[in-house]
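Shown here: upload_34.cif, mmCIF, C-alpha atoms and all ligand atoms.
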```cif
data_work
loop_
_atom_site.label_atom_id
_atom_site.label_comp_id
_atom_site.auth_asym_id
_atom_site.auth_seq_id
_atom_site.Cartn_x
_atom_site.Cartn_y
_atom_site.Cartn_z
CA MET A 13 -0.68 -5.81 24.60
CA ALA A 14 -2.52 -5.73 21.31
CA LYS A 15 -0.52 -7.97 19.07
CA ILE A 16 -2.58 -9.51 16.25
CA VAL A 17 -1.70 -12.95 14.94
CA PHE A 18 -3.15 -14.78 11.92
CA GLU A 19 -2.35 -18.49 11.73
CA HIS A 20 -3.30 -20.19 8.47
CA VAL A 21 -6.42 -18.08 8.12
CA THR A 22 -8.63 -18.74 5.10
CA LYS A 23 -11.98 -17.19 4.25
CA GLU A 24 -14.25 -18.69 1.63
CA PHE A 25 -17.51 -17.20 0.43
CA ILE A 26 -20.16 -19.01 -1.52
CA ASP A 27 -21.19 -16.63 -4.27
CA GLU A 28 -24.38 -17.28 -6.27
CA LYS A 29 -22.73 -16.63 -9.62
CA ARG A 30 -19.10 -17.51 -9.02
CA GLY A 31 -19.53 -20.45 -6.67
CA LYS A 32 -16.76 -20.78 -4.08
CA VAL A 33 -14.65 -17.63 -3.76
CA ILE A 34 -11.46 -17.82 -1.71
CA ALA A 35 -11.23 -14.23 -0.49
CA VAL A 36 -8.25 -14.86 1.79
CA ASN A 37 -6.02 -17.88 1.26
CA ASP A 38 -3.91 -19.24 4.13
CA ALA A 39 -2.85 -15.89 5.61
CA ASN A 40 -0.06 -15.92 8.19
CA PHE A 41 1.23 -12.77 9.87
CA THR A 42 1.96 -11.07 13.18
CA ILE A 43 1.19 -7.41 13.73
CA GLU A 44 3.16 -6.23 16.74
CA ASP A 45 1.75 -4.24 19.62
CA LYS A 46 1.56 -0.49 18.74
CA GLU A 47 2.58 -1.12 15.16
CA PHE A 48 1.00 0.74 12.19
CA VAL A 49 0.47 -1.88 9.49
CA VAL A 50 -1.10 -1.21 6.11
CA LEU A 51 -2.89 -3.86 4.06
CA VAL A 52 -2.61 -2.94 0.40
CA GLY A 53 -3.52 -4.51 -2.94
CA PRO A 54 -5.82 -4.10 -5.92
CA SER A 55 -9.61 -4.24 -5.71
CA GLY A 56 -10.90 -7.66 -4.67
CA CYS A 57 -7.57 -8.92 -3.29
CA GLY A 58 -9.04 -9.69 0.13
CA LYS A 59 -7.87 -6.78 2.28
CA THR A 60 -11.30 -5.71 3.57
CA THR A 61 -12.16 -9.33 4.36
CA THR A 62 -8.92 -9.60 6.35
CA LEU A 63 -9.80 -6.44 8.31
CA ARG A 64 -13.35 -7.66 8.91
CA MET A 65 -12.03 -10.94 10.27
CA ILE A 66 -9.86 -9.03 12.77
CA ALA A 67 -12.95 -7.05 13.75
CA GLY A 68 -15.05 -10.19 14.08
CA LEU A 69 -17.52 -8.98 11.44
CA GLU A 70 -16.60 -12.00 9.31
CA ARG A 71 -15.86 -15.48 10.64
CA GLN A 72 -12.83 -17.24 9.14
CA THR A 73 -13.43 -20.58 7.41
CA LYS A 74 -10.14 -22.01 8.68
CA GLY A 75 -7.29 -20.97 10.95
CA ASN A 76 -6.79 -19.07 14.18
CA ILE A 77 -6.85 -15.35 15.00
CA TYR A 78 -5.31 -13.97 18.18
CA ILE A 79 -5.62 -10.44 19.53
CA GLY A 80 -3.31 -9.66 22.45
CA GLU A 81 -2.42 -13.32 23.01
CA LYS A 82 -6.11 -14.27 23.24
CA LEU A 83 -7.70 -16.63 20.73
CA VAL A 84 -10.67 -14.66 19.35
CA ASN A 85 -12.05 -17.11 16.76
CA TYR A 86 -15.53 -17.08 18.25
CA LEU A 87 -15.45 -13.76 20.09
CA PRO A 88 -18.12 -11.26 18.95
CA PRO A 89 -16.90 -7.83 17.70
CA LYS A 90 -18.00 -5.97 20.84
CA ASP A 91 -15.71 -8.08 23.01
CA ARG A 92 -12.57 -7.67 20.91
CA ASP A 93 -11.57 -4.20 22.18
CA ILE A 94 -11.20 -2.78 18.70
CA ALA A 95 -12.67 0.24 16.92
CA MET A 96 -13.23 0.46 13.19
CA VAL A 97 -13.36 3.58 11.02
CA PHE A 98 -15.16 3.04 7.72
CA GLN A 99 -14.82 4.63 4.31
CA ASP A 100 -18.22 6.36 4.50
CA TYR A 101 -17.67 7.48 8.15
CA ALA A 102 -21.19 6.24 9.10
CA LEU A 103 -22.00 9.36 11.16
CA TYR A 104 -25.57 9.84 12.43
CA PRO A 105 -26.88 12.82 10.40
CA HIS A 106 -29.46 13.96 12.97
CA MET A 107 -26.94 14.09 15.84
CA THR A 108 -24.44 16.81 16.64
CA VAL A 109 -20.72 16.08 16.60
CA TYR A 110 -20.79 15.81 20.40
CA GLU A 111 -23.66 13.32 20.26
CA ASN A 112 -21.96 11.34 17.51
CA LEU A 113 -18.79 11.13 19.57
CA SER A 114 -20.53 10.17 22.79
CA PHE A 115 -23.15 7.81 21.36
CA GLY A 116 -21.21 4.59 21.87
CA LEU A 117 -20.24 5.50 25.43
CA ARG A 118 -23.83 6.43 26.34
CA ASN A 119 -24.92 3.00 25.13
CA LEU A 120 -22.34 1.43 27.39
CA LYS A 121 -23.79 3.45 30.31
CA VAL A 122 -20.51 5.23 30.98
CA PRO A 123 -21.00 8.01 33.59
CA ARG A 124 -21.68 11.43 32.10
CA THR A 125 -18.64 13.22 33.48
CA GLU A 126 -16.39 10.50 32.11
CA ILE A 127 -18.07 10.79 28.69
CA GLU A 128 -17.49 14.55 28.74
CA GLN A 129 -13.82 14.07 29.56
CA LYS A 130 -13.27 11.51 26.83
CA VAL A 131 -15.09 13.50 24.16
CA LYS A 132 -13.14 16.62 25.11
CA ARG A 133 -9.83 14.79 24.89
CA ALA A 134 -10.65 13.24 21.51
CA ALA A 135 -11.85 16.60 20.16
CA GLU A 136 -8.61 18.24 21.31
CA ILE A 137 -6.42 15.55 19.80
CA LEU A 138 -8.20 15.97 16.47
CA GLY A 139 -8.62 19.76 16.57
CA ILE A 140 -12.42 19.67 16.33
CA SER A 141 -13.32 21.24 19.72
CA GLU A 142 -15.03 24.15 17.92
CA LEU A 143 -17.33 21.86 15.98
CA LEU A 144 -19.03 19.92 18.76
CA ASP A 145 -22.44 21.60 18.29
CA ARG A 146 -22.57 21.13 14.53
CA LYS A 147 -24.40 18.46 12.56
CA PRO A 148 -22.45 16.31 10.05
CA ARG A 149 -23.97 18.14 7.05
CA GLU A 150 -22.40 21.38 8.34
CA LEU A 151 -18.91 19.86 8.18
CA SER A 152 -16.34 19.54 5.40
CA GLY A 153 -15.19 16.10 4.24
CA GLY A 154 -12.01 16.34 6.30
CA GLN A 155 -13.90 17.40 9.42
CA ARG A 156 -16.34 14.52 9.04
CA GLN A 157 -13.43 12.18 8.71
CA ARG A 158 -11.99 13.52 11.98
CA VAL A 159 -15.31 12.98 13.74
CA ALA A 160 -15.35 9.38 12.53
CA VAL A 161 -11.84 8.89 13.92
CA GLY A 162 -12.90 10.68 17.14
CA ARG A 163 -15.69 8.21 17.64
CA ALA A 164 -13.12 5.44 17.62
CA ILE A 165 -10.74 7.34 19.95
CA VAL A 166 -13.32 7.90 22.72
CA ARG A 167 -13.66 4.17 23.11
CA ASN A 168 -9.95 3.91 23.88
CA PRO A 169 -9.58 0.61 22.05
CA LYS A 170 -6.49 -1.58 21.93
CA VAL A 171 -6.66 -1.77 18.13
CA PHE A 172 -7.82 0.70 15.47
CA LEU A 173 -8.99 -0.65 12.15
CA PHE A 174 -9.27 1.74 9.20
CA ASP A 175 -10.98 0.75 5.96
CA GLU A 176 -9.98 3.19 3.18
CA PRO A 177 -10.77 6.17 5.45
CA LEU A 178 -9.42 8.80 3.06
CA SER A 179 -10.89 7.62 -0.22
CA ASN A 180 -13.77 10.14 -0.19
CA LEU A 181 -11.48 13.14 0.23
CA ASP A 182 -9.92 15.24 -2.50
CA ALA A 183 -6.22 14.79 -3.26
CA LYS A 184 -4.96 17.74 -1.19
CA LEU A 185 -7.00 16.85 1.87
CA ARG A 186 -5.90 13.23 1.60
CA VAL A 187 -2.28 14.27 1.90
CA GLN A 188 -3.08 16.47 4.92
CA MET A 189 -5.11 13.73 6.67
CA ARG A 190 -2.33 11.25 5.98
CA VAL A 191 0.07 13.39 7.98
CA GLU A 192 -2.53 13.76 10.73
CA LEU A 193 -3.10 10.02 10.95
CA ALA A 194 0.63 9.37 11.26
CA GLU A 195 0.77 11.93 14.11
CA LEU A 196 -2.31 10.42 15.70
CA HIS A 197 -0.64 7.02 15.81
CA LYS A 198 2.26 8.52 17.75
CA LYS A 199 -0.10 10.20 20.23
CA LEU A 200 -2.37 7.22 20.80
CA GLU A 201 0.30 4.50 20.93
CA THR A 202 -2.10 1.79 19.76
CA THR A 203 -1.97 -0.88 17.11
CA ILE A 204 -3.38 0.33 13.80
CA VAL A 205 -4.36 -1.81 10.84
CA TYR A 206 -5.15 0.28 7.79
CA VAL A 207 -6.61 -0.87 4.47
CA THR A 208 -6.01 0.98 1.21
CA HIS A 209 -5.61 0.23 -2.49
CA ASP A 210 -3.34 3.27 -2.83
CA GLN A 211 0.31 2.28 -2.74
CA VAL A 212 1.48 5.84 -2.00
CA GLU A 213 -0.75 5.95 1.08
CA ALA A 214 0.59 2.55 2.12
CA MET A 215 4.22 3.59 1.65
CA THR A 216 3.85 6.85 3.58
CA LEU A 217 1.78 5.52 6.49
CA GLY A 218 2.83 1.94 7.12
CA GLN A 219 5.69 0.96 9.40
CA ARG A 220 5.19 -2.37 7.69
CA ILE A 221 3.04 -3.19 4.70
CA ILE A 222 1.22 -6.40 3.82
CA VAL A 223 0.81 -6.65 0.03
CA MET A 224 -2.02 -8.91 -1.14
CA ASN A 225 -3.15 -10.18 -4.53
CA HIS A 226 -5.92 -12.68 -5.30
CA GLY A 227 -6.39 -13.48 -1.62
CA ILE A 228 -2.72 -14.37 -1.15
CA ILE A 229 -0.18 -12.40 0.86
CA GLN A 230 2.68 -11.58 -1.49
CA GLN A 231 5.09 -9.86 0.87
CA ILE A 232 5.20 -8.37 4.36
CA ALA A 233 7.93 -5.76 4.70
CA THR A 234 8.89 -2.18 5.51
CA PRO A 235 8.34 0.42 2.76
CA ASP A 236 12.09 0.45 2.03
CA GLU A 237 12.31 -3.30 1.64
CA LEU A 238 9.24 -3.40 -0.61
CA TYR A 239 10.72 -0.79 -2.89
CA ASN A 240 14.27 -2.12 -2.96
CA ARG A 241 13.75 -5.87 -2.66
CA PRO A 242 10.30 -6.81 -3.97
CA VAL A 243 9.88 -10.60 -3.86
CA ASN A 244 8.13 -10.91 -7.20
CA MET A 245 6.92 -9.05 -10.29
CA PHE A 246 3.54 -8.32 -8.73
CA VAL A 247 5.02 -6.42 -5.78
CA ALA A 248 7.67 -4.81 -8.00
CA GLY A 249 4.97 -3.51 -10.35
CA PHE A 250 2.54 -2.48 -7.63
CA ILE A 251 4.93 -0.45 -5.47
CA GLY A 252 6.30 2.73 -7.04
CA ALA A 253 4.68 5.19 -9.43
CA PRO A 254 4.95 5.16 -12.37
CA SER A 255 5.32 1.39 -12.26
CA MET A 256 8.52 -0.53 -12.83
CA ASN A 257 9.19 -1.35 -16.51
CA PHE A 258 9.40 -5.04 -17.38
CA ILE A 259 11.46 -6.06 -20.41
CA ASN A 260 11.88 -9.62 -21.70
CA CYS A 261 15.53 -10.58 -21.87
CA LYS A 262 17.84 -13.53 -22.27
CA VAL A 263 20.72 -14.40 -19.98
CA GLU A 264 23.71 -15.92 -21.71
CA ARG A 265 27.30 -16.36 -20.53
CA ASN A 266 27.33 -13.48 -18.04
CA LYS A 267 25.53 -11.20 -20.46
CA ILE A 268 22.00 -9.86 -20.55
CA ILE A 269 20.57 -9.63 -24.04
CA LEU A 270 17.70 -7.32 -24.90
CA SER A 271 16.12 -7.88 -28.27
CA ASP A 272 14.49 -5.27 -30.49
CA GLY A 273 13.23 -6.82 -33.71
CA ASN A 274 16.36 -7.89 -35.55
CA SER A 275 18.89 -6.05 -33.42
CA ASN A 276 20.19 -7.14 -30.05
CA THR A 277 21.67 -5.07 -27.22
CA MET A 278 24.04 -6.85 -24.90
CA PHE A 279 25.64 -5.85 -21.62
CA ASP A 280 27.50 -7.49 -18.73
CA ILE A 281 25.39 -8.80 -15.89
CA PRO A 282 25.77 -6.38 -12.97
CA GLN A 283 28.08 -7.60 -10.23
CA LYS A 284 25.26 -8.14 -7.72
CA PHE A 285 23.75 -10.90 -9.88
CA LYS A 286 26.96 -12.62 -10.92
CA LYS A 287 26.99 -15.21 -8.14
CA VAL A 288 23.31 -16.09 -8.36
CA ILE A 289 23.03 -16.53 -12.09
CA ALA A 290 26.58 -17.45 -13.02
CA ASN A 291 25.53 -20.86 -14.28
CA ILE A 292 22.49 -19.76 -16.21
CA ASN A 293 22.88 -19.99 -19.93
CA GLY A 294 20.34 -19.21 -22.60
CA LYS A 295 17.49 -18.62 -20.19
CA GLU A 296 14.57 -16.29 -20.89
CA MET A 297 14.04 -13.88 -18.00
CA VAL A 298 12.40 -10.55 -17.28
CA MET A 299 14.46 -7.48 -16.53
CA GLY A 300 12.89 -4.79 -14.35
CA ILE A 301 13.95 -1.16 -14.32
CA ARG A 302 12.20 1.67 -12.52
CA PRO A 303 11.36 4.84 -14.49
CA GLU A 304 13.59 6.87 -12.15
CA ASP A 305 16.57 4.72 -13.17
CA ILE A 306 16.32 5.70 -16.83
CA TYR A 307 17.98 9.06 -17.56
CA ASP A 308 18.11 11.55 -20.35
CA ALA A 309 21.66 10.66 -21.50
CA VAL A 310 22.65 14.32 -21.23
CA PHE A 311 22.10 14.17 -17.46
CA SER A 312 23.64 10.75 -16.85
CA GLN A 313 27.26 11.73 -16.21
CA ASN A 314 27.12 10.57 -12.57
CA ILE A 315 25.83 7.11 -13.44
CA GLU A 316 28.73 4.72 -13.26
CA ASN A 317 27.41 1.69 -15.06
CA LYS A 318 25.02 2.62 -17.84
CA LEU A 319 23.58 1.40 -21.09
CA TYR A 320 22.89 4.04 -23.75
CA VAL A 321 19.75 3.38 -25.77
CA ASP A 322 18.47 5.31 -28.81
CA VAL A 323 14.72 5.64 -28.71
CA TYR A 324 11.88 7.27 -30.60
CA VAL A 325 9.92 9.27 -28.01
CA LYS A 326 6.15 8.95 -28.31
CA VAL A 327 5.02 11.27 -25.54
CA VAL A 328 6.57 13.65 -23.01
CA GLU A 329 4.58 14.65 -19.93
CA LYS A 330 5.88 17.66 -18.06
CA LEU A 331 5.06 17.39 -14.35
CA GLY A 332 7.00 20.46 -13.23
CA SER A 333 9.58 18.78 -11.00
CA GLU A 334 10.29 16.09 -13.59
CA ASN A 335 9.29 14.86 -17.04
CA LEU A 336 7.84 11.48 -17.90
CA ILE A 337 8.82 10.18 -21.29
CA TYR A 338 7.32 7.19 -23.07
CA PHE A 339 8.91 5.16 -25.85
CA ASP A 340 8.52 1.74 -27.45
CA LYS A 341 11.60 -0.43 -27.18
CA TYR A 342 12.43 -4.11 -26.73
CA GLY A 343 8.86 -5.12 -27.50
CA THR A 344 7.18 -3.00 -24.84
CA THR A 345 6.31 0.57 -23.91
CA ILE A 346 8.85 1.99 -21.48
CA THR A 347 8.42 4.94 -19.12
CA ALA A 348 11.33 7.07 -17.96
CA ARG A 349 11.25 9.74 -15.28
CA VAL A 350 13.82 12.30 -16.30
CA ASN A 351 15.15 15.66 -15.13
CA SER A 352 12.74 18.55 -15.83
CA GLN A 353 15.62 20.37 -17.57
CA SER A 354 15.67 17.63 -20.21
CA ARG A 355 15.26 18.84 -23.80
CA ILE A 356 13.77 15.55 -24.97
CA VAL A 357 10.54 16.21 -26.87
CA SER A 358 7.82 13.98 -28.23
CA GLY A 359 7.94 12.80 -31.84
CA GLU A 360 11.74 12.86 -32.04
CA TYR A 361 14.66 10.50 -31.48
CA ALA A 362 16.58 10.76 -28.21
CA LYS A 363 19.34 9.03 -26.28
CA VAL A 364 18.53 7.70 -22.83
CA ALA A 365 20.72 5.89 -20.30
CA PHE A 366 19.64 2.86 -18.25
CA ASN A 367 21.32 2.66 -14.84
CA ILE A 368 22.43 -0.95 -15.06
CA ASP A 369 23.28 -1.25 -11.37
CA LYS A 370 19.62 -0.63 -10.55
CA ILE A 371 18.05 -3.39 -12.65
CA TYR A 372 16.02 -6.28 -11.25
CA LEU A 373 15.75 -9.77 -12.68
CA PHE A 374 12.73 -12.06 -12.45
CA ASP A 375 12.10 -15.66 -13.38
CA LYS A 376 9.85 -15.47 -16.44
CA GLU A 377 7.66 -18.42 -15.45
CA THR A 378 7.15 -17.78 -11.74
CA GLY A 379 7.69 -14.00 -11.60
CA ILE A 380 9.93 -14.53 -8.57
CA ALA A 381 12.72 -11.99 -8.10
CA ILE A 382 16.31 -13.13 -8.28
CA TYR A 383 18.79 -11.71 -5.75
P1 LIG A 401 -11.90 -3.54 -2.53
O1 LIG A 401 -10.68 -2.70 -2.52
O2 LIG A 401 -12.60 -3.53 -3.85
O3 LIG A 401 -12.81 -3.29 -1.36
P2 LIG A 401 -10.78 -5.87 -1.21
O4 LIG A 401 -9.36 -6.11 -1.47
O5 LIG A 401 -11.12 -5.22 0.08
O6 LIG A 401 -11.42 -5.08 -2.42
P3 LIG A 401 -12.59 -7.95 -0.43
O7 LIG A 401 -13.75 -7.02 -0.26
O8 LIG A 401 -11.94 -8.46 0.80
O9 LIG A 401 -11.49 -7.28 -1.35
O10 LIG A 401 -13.07 -9.15 -1.35
C1 LIG A 401 -12.23 -10.27 -1.68
C2 LIG A 401 -13.03 -11.22 -2.55
O11 LIG A 401 -14.08 -11.80 -1.81
C3 LIG A 401 -13.66 -10.58 -3.76
O12 LIG A 401 -13.63 -11.49 -4.83
C4 LIG A 401 -15.09 -10.35 -3.31
O13 LIG A 401 -15.97 -10.33 -4.41
C5 LIG A 401 -15.31 -11.55 -2.42
N1 LIG A 401 -16.33 -11.26 -1.38
C6 LIG A 401 -16.21 -10.39 -0.35
N2 LIG A 401 -17.31 -10.42 0.42
C7 LIG A 401 -18.14 -11.34 -0.14
C8 LIG A 401 -19.44 -11.85 0.22
N3 LIG A 401 -20.08 -11.41 1.28
N4 LIG A 401 -19.98 -12.79 -0.60
C9 LIG A 401 -19.32 -13.26 -1.68
N5 LIG A 401 -18.08 -12.84 -2.04
C10 LIG A 401 -17.50 -11.90 -1.29
#
```

Render the structure in this file as structure tokens.
Ligand code: ATP
Amino acid sequence: MAKIVFEHVTKEFIDEKRGKVIAVNDANFTIEDKEFVVLVGPSGCGKTTTLRMIAGLERQTKGNIYIGEKLVNYLPPKDRDIAMVFQDYALYPHMTVYENLSFGLRNLKVPRTEIEQKVKRAAEILGISELLDRKPRELSGGQRQRVAVGRAIVRNPKVFLFDEPLSNLDAKLRVQMRVELAELHKKLETTIVYVTHDQVEAMTLGQRIIVMNHGIIQQIATPDELYNRPVNMFVAGFIGAPSMNFINCKVERNKIILSDGNSNTMFDIPQKFKKVIANINGKEMVMGIRPEDIYDAVFSQNIENKLYVDVYVKVVEKLGSENLIYFDKYGTTITARVNSQSRIVSGEYAKVAFNIDKIYLFDKETGIAIY
């Protein structure tokens, strides 16, 4: 069993310039045995510190950490039965791949035949059997990455920790390695905790995702839940690319009012919100709509409940499979992801359609989503 539990875990650093920095603030979560969990958030949000506390490389200021039912608060890293793969791979340049893979086991005085077996198995799993005699400098980025993972596999740990392992690879290789890591998780059947700032990586790899911001866990959920029911504006804006559009609005007598200078646009509150905000009158709120829920009006015939909006298009970006269009409306710049067949061009007026059933509403003061 390699369940990981954080109970009210806080980590404070004393920084010379900034004074007290709360890197992780009262974190509570349970990562189940054999689960693949991704920690995601912008730079400085506390994800690496969280990972390092699991590894025992950083001691928490407050709270309890359990690995496999065992309280590990004071347990040194070597006794935690975990293996960590770092961003820079940390391979020994003067050693061959075989030596890099076997180094840890040799230190532990594991018998030679057993080392050979384990290295062979790891090399087979990762498809690097042909490379065992090479030195790291003779390998591509992707191959080096596999060796770094292999070094963790040979130790047969209960938990794998990955800290941005793909960030040094080019875009194409990153996609390929992502698929390989997902397959690897199936083969190894171990718990994996994976840190990234890339929400696409998080969404494609994680069975569950922990979203952090400013040291605070915002939401713990499956990729689907994060996308469809974000708890607040931070998560809503962080998950999905391009980001969700946020538009200030007013809620009045079962209507949502969007304001554009002197003119107002008004539409009925979608059914799903009617119960929750029936009694709200004259309240300022924020409406969220994802770029994929704004259509070129010409292609919106299948959208049941829509709001037509006339816009002046600033820019059109053609991505091949779709077009991104940008326009200023309702006091903000809005992005729409429309059909690639769309004839909308930059520098001209166009009609778009908002899919009203897909909007989100947030409390303007707290940013909390309303469902
Ligand atoms: P990144 O993606 O940039 O690596 P992160 O989400 O992993 O960011 P952390 O590295 O966990 O963030 O850092 C969280 C906060 O704690 C930051 O404000 C960082 O500056 C601070 N911090 C981390 N380590 C130390 C340290 N040793 N001393 C002082 N402050 C630290």

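Note that atom CA of Ile204 of chain A and atom CA of Phe172 of chain A are 4.8 Å apart.
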
For Leu373 of chain A, which residue among A:Ile259, A:Leu270, A:Gln353, A:Thr277 is the nearest when counting all atoms listed in the file?
A:Ile259

So what do you get for atom CA of Pro89 of chain A versus atom CA of Gly68 of chain A, distance-wise?
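Atom CA of Gly68 of chain A lies at a distance of 4.7 Å from atom CA of Pro89 of chain A.
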
Here is a test: counting only C-alpha atoms, which residue of A:Arg156, A:Lys59, A:Lys121, A:Arg92 is nearest to Met224 of chain A?
A:Lys59

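Minimum atom-to-atom distances from A:Thr62, A:Asn291, A:Thr347, A:Thr378 to Val36 of chain A were compared using only C-alpha atoms, and the lowest value belongs to A:Thr62.
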
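Neighbouring residues of segment 22-29 of chain A at 7 Å or closer, counting only C-alpha atoms and skipping chain neighbours under 3 positions away, are Lys32, Val33, Ile34, Ala35, Val36, Asn37, Asp38, Ala39, Gln72, Thr73, Lys74 and Gly75 of chain A.
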
d(atom CA of Gly116 of chain A, atom CA of Lys132 of chain A) in Å
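Here the two named atoms are 14.8 Å from each other.
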
Could you check the closest approach to ligand LIG 401 (chain A) for each of A:Lys262, A:His209, A:His197, A:Lys295 and tell me which residue wins, using only C-alpha atoms and all ligand atoms?
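Looking only at the distances to ligand LIG 401 (chain A), the closest residue turns out to be A:His209.
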
At most 12 Å from (-20.7, 5.2, 6.9), file frame, all atoms listed in the file: which residues, as a list in words?
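Collected hits near the coordinates: Met96, Val97, Phe98, Gln99, Asp100, Tyr101, Ala102, Leu103, Tyr104, Pro105, Pro148, Arg156, Gln157, Val159, Ala160, Val161, Asp175, Glu176, Pro177 and Asn180 of chain A.
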
Store the residues of this selection in a file with C-alpha atoms, as a JSON list (two decimals), in the coordinates of the input.
```json
[["chain", "number", "residue", "atom", "x", "y", "z"],
["A", 96, "MET", "CA", -13.23, 0.46, 13.19],
["A", 97, "VAL", "CA", -13.36, 3.58, 11.02],
["A", 98, "PHE", "CA", -15.16, 3.04, 7.72],
["A", 99, "GLN", "CA", -14.82, 4.63, 4.31],
["A", 100, "ASP", "CA", -18.22, 6.36, 4.50],
["A", 101, "TYR", "CA", -17.67, 7.48, 8.15],
["A", 102, "ALA", "CA", -21.19, 6.24, 9.10],
["A", 103, "LEU", "CA", -22.00, 9.36, 11.16],
["A", 104, "TYR", "CA", -25.57, 9.84, 12.43],
["A", 105, "PRO", "CA", -26.88, 12.82, 10.40],
["A", 148, "PRO", "CA", -22.45, 16.31, 10.05],
["A", 156, "ARG", "CA", -16.34, 14.52, 9.04],
["A", 157, "GLN", "CA", -13.43, 12.18, 8.71],
["A", 159, "VAL", "CA", -15.31, 12.98, 13.74],
["A", 160, "ALA", "CA", -15.35, 9.38, 12.53],
["A", 161, "VAL", "CA", -11.84, 8.89, 13.92],
["A", 175, "ASP", "CA", -10.98, 0.75, 5.96],
["A", 176, "GLU", "CA", -9.98, 3.19, 3.18],
["A", 177, "PRO", "CA", -10.77, 6.17, 5.45],
["A", 180, "ASN", "CA", -13.77, 10.14, -0.19]]
```

Listed atoms of ligand LIG 401 (chain A), axis-aligned box, 5 Å per side: centre and edge lengths to one decimal in Å, as JSON?
```
{"center_x": -14.7, "center_y": -8.0, "center_z": -1.8, "size_x": 20.7, "size_y": 20.6, "size_z": 16.1}
```

Which one is closest to Leu200 of chain A: A:Ala253, A:Val171, A:Leu185, A:Leu217? Count all atoms listed in the file.
A:Val171

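Between Met13 of chain A and the candidates A:Gly300, A:Gly139, A:Pro123, A:Pro169, the tightest atom-to-atom separation, counting only C-alpha atoms, involves A:Pro169.
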
Counting all atoms listed in the file, what is within 10 Å of Thr108 of chain A, bar same-chain residues fewer than 5 positions away, as a ChimeraX atom specification?
/A:103,113-114,143-150

Need the shell around segment 323-333 of chain A: protein/DNA/RNA residues with any atom at most 9 Å away, counting all atoms listed in the file. Skip same-chain ones fewer than 4 positions apart. Format as a compact mmCIF listing (two decimals) with C-alpha atoms, keeping the file's coordinate frame?
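Dumped everything to around.txt:
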```txt
# COMPACT_ATOMS: atom_id res chain seq x y z
CA ILE A 337 8.82 10.18 -21.29
CA TYR A 338 7.32 7.19 -23.07
CA PHE A 339 8.91 5.16 -25.85
CA ASP A 340 8.52 1.74 -27.45
CA LYS A 341 11.60 -0.43 -27.18
CA ASN A 351 15.15 15.66 -15.13
CA SER A 352 12.74 18.55 -15.83
CA ILE A 356 13.77 15.55 -24.97
CA VAL A 357 10.54 16.21 -26.87
CA SER A 358 7.82 13.98 -28.23
CA GLY A 359 7.94 12.80 -31.84
CA GLU A 360 11.74 12.86 -32.04
CA TYR A 361 14.66 10.50 -31.48
CA ALA A 362 16.58 10.76 -28.21
CA LYS A 363 19.34 9.03 -26.28
CA VAL A 364 18.53 7.70 -22.83
```

Output file: segment 176-186 of chain A, N, CA and C atoms, as a short mmCIF file (atom, residue, chain, number, x, y, z; two decimals), in the first residue's frame:
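Output file selection11.cif follows:
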```
data_model
loop_
_atom_site.label_atom_id
_atom_site.label_comp_id
_atom_site.auth_asym_id
_atom_site.auth_seq_id
_atom_site.Cartn_x
_atom_site.Cartn_y
_atom_site.Cartn_z
N GLU A 176 8.52 18.04 -13.00
CA GLU A 176 8.60 18.61 -14.36
C GLU A 176 9.53 17.81 -15.26
N PRO A 177 9.35 16.50 -15.39
CA PRO A 177 10.34 15.69 -16.10
C PRO A 177 10.41 15.95 -17.59
N LEU A 178 9.40 16.58 -18.16
CA LEU A 178 9.40 16.76 -19.62
C LEU A 178 9.74 18.17 -20.06
N SER A 179 10.05 19.04 -19.11
CA SER A 179 10.15 20.46 -19.48
C SER A 179 11.37 20.78 -20.34
N ASN A 180 12.36 19.89 -20.37
CA ASN A 180 13.52 20.16 -21.23
C ASN A 180 13.41 19.56 -22.63
N LEU A 181 12.26 18.98 -22.93
CA LEU A 181 12.10 18.33 -24.24
C LEU A 181 11.33 19.24 -25.19
N ASP A 182 11.54 19.02 -26.50
CA ASP A 182 10.78 19.85 -27.44
C ASP A 182 9.32 19.35 -27.48
N ALA A 183 8.46 20.18 -28.09
CA ALA A 183 7.02 19.96 -27.99
C ALA A 183 6.60 18.57 -28.45
N LYS A 184 7.18 18.11 -29.58
CA LYS A 184 6.76 16.83 -30.15
C LYS A 184 7.15 15.67 -29.22
N LEU A 185 8.38 15.76 -28.73
CA LEU A 185 8.88 14.71 -27.84
C LEU A 185 8.10 14.68 -26.53
N ARG A 186 7.68 15.85 -26.10
CA ARG A 186 6.91 15.94 -24.85
C ARG A 186 5.61 15.15 -24.98
#
```
